[in-house]
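Undergrad: Please see the structure below; I have some questions.
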Amino acid sequence: MTARRIVVISDFQDGPSDDGALSTVEAARDDWISGRRGGRPQIVSDLEAVAVDGGYIERLPLACLKSGLVDCAEIWTHWRGSHPPETRSGASPHLTRRVFRMNGPEAPFASNDMLGHIAAFGAPHILCVWGLGVSEEILLACRDSVKIYNSIDAPALRIPPEVSRHFDLVLTGAQWQSDVVRERHPDMATAILPVGPEFASDTTFYPLDLPKTYDIIYVAAAQGYKRHDILFDAMARLPRSVRALCVCGYGEMIDDFRRQIAERGISVDLIEPPGVPFEEVNRLMNAARIGVVCGVDDGAPAILTEYMLAGLPVLANSALSCGRQYITPETGRTATAEDFHLAIADMLENPAAFAPRTIVQAQWTWPHTVQRLESLISETYEKRALRHGTERGSHSFLQA
């Protein structure tokens with residue numbers, strides 16, 4: 001039996017660069033077939049045991065697996081050097097992680113190693129490509145796959161036209177992004193279904209009965225586009241008793257944050273890169289009263305619904321490029337950078353005004369979103385059937 005497989009290709013890169021010679025596609029295929037580079041795709045037979053937990057990269061493929069849309073789920077990432085690690089399980093035992101050698105540092109990323117794997121085991125049924133993307137050769141090798149793209153960050157398309165033209169569906173975070181996609185590809189299907197805040201997991205993030213030792217928490221990379229300065233400026237205009245916690249999984253601005261905190265004389269604790277596991281993030285969110293999202297040029301951050309599932313209302317920058325649809329009167333507030341301090345004070349004084357977890361569970365947890373994705377995939381197969389003049393039904397993949 002051939003596995004109905006979903007593959008998510010992240011743009012994450014790791015490993016030191018070296019001068020090792022590149023393998024050909026044929027040599028890479030032989031390495032995969034022989035087992036020297038890792039095992040073949042494996043069908044998950046016990047779907048009841050699958051838990052949809054972890055971060056946004058994991059939750060989409062696990063949701064597809066749990067729902068029965070596929071019976072094999074993998075995440076692929078990139079390695080700079082000539083000795084990528086072997087295939088390994090991720091945080092979930094039902095999700096395979098593969099690391100592929102890149103041909104070079106230029107994005108979208110080319111990989112003979114990846115092409116060799118596809119030549120060895122076939123293309124996945126569903127191919128999801130996030131961020132900086134992969135080369136056109138890889139998409140051509142997956143011509144029969146349903147190909148889905150999401151930029152993750154604020155630009156609607158972070159890939160060139162010769163690559164983006166091969167996708168069947170582009171997931172966006174706001175209507176303006178869908179409009180940008182249609183300007184480049186007038187016939188391309190789009191859906192406002194950002195993979196971060198959608199596919200939310202109420203078993204990963206949930207309320208705990210803990211003392212509230214912080215007023216505010218900001219879980220965001222220590223990078224400029226996350227605009228921590230807006231939070232720091234707001235706190236400088238609030239009573240000095242207000243306390244905040246910033247949790248940074250990665251980024252290079254920690255020293256600058258320390259300087260800003262000291263200059264303003266505000267009470268902010270920092271958890272520095274590489275951050276903490278999801279279980280600890282959930283605990284830390286539960287130690288705060290509200291969560292904030294300060295960025296402007298940002299995608300729809302996953303943390304929006306993650307805060308909410310932990311029971312925290314969210315204050316977001318009213319200029320946030322994508323994701324403001326998740327801020328409703330029941331889940332939080334938006335405010336300009338100039339009025340951030342006023343909104344924080346109001347939300348801290350009126351905690352009973354919000355019911356964020358209930359709203360997310362009713363609309364944006366993964367069982368709701370995977371149904372929408374299944375419908376979009378069915379529409380893709382239907383369009384292909386019409387285009388090729390066949391009698392292939394819209395659910396032929398789903399019933400495979």
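Ordering of the structure tokens sets the chain letters (A, B, ...), residue numbers begin anew at 1 in every chain, and ligands are numbered from 1 in the order given.
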List every residue of stretch 99-292 of chain A that DSSP, applied to the backbone, labels as alpha helix (DSSP H), and write the result as a VMD selection string.
TA: chain A and resid 112 to 121 136 to 141 161 to 164 175 to 184 228 to 236 254 to 264 278 to 286
Undergrad: Which residues of stretch 43-141 of chain A have any atom within 9 Å of an atom in stretch 165-176 of chain A when counting only C-alpha atoms, and what is the closest pair of atoms for each, with the distance in Å to one decimal? Order the rows by chain and rising number and write it as a tab-separated table.
TA:
residue	atom	partner	partner_atom	distance
A:Glu136	CA	A:His166	CA	8.0
A:Leu139	CA	A:His166	CA	6.8
A:Leu140	CA	A:His166	CA	7.8
Undergrad: Restricted to N, CA and C atoms, what would the selected residues look like written as a JSON list (two decimals), in the first residue's frame?
TA:
[["chain", "number", "residue", "atom", "x", "y", "z"],
["A", 136, "GLU", "N", 12.29, 25.38, -8.30],
["A", 136, "GLU", "CA", 11.28, 24.94, -9.27],
["A", 136, "GLU", "C", 11.45, 23.46, -9.59],
["A", 139, "LEU", "N", 9.45, 21.37, -7.21],
["A", 139, "LEU", "CA", 8.01, 21.43, -7.47],
["A", 139, "LEU", "C", 7.64, 20.65, -8.74],
["A", 140, "LEU", "N", 8.50, 20.69, -9.74],
["A", 140, "LEU", "CA", 8.23, 19.91, -10.95],
["A", 140, "LEU", "C", 8.27, 18.41, -10.66]]
Undergrad: Mind checking which residues fall within 6 Å of stretch 4-15 of chain A, counting only C-alpha atoms, ignoring those fewer than 5 positions away in the same chain, and posting them as an MDAnalysis selection string?
TA: chainID A and resid 70:81 124:132
Undergrad: Could you list, as a PyMOL selection string, every residue within 10 Å of A:Ala343, counting only C-alpha atoms and ignoring same-chain residues fewer than 6 positions away?
TA: chain A and resi 234+315-316+332-337+349
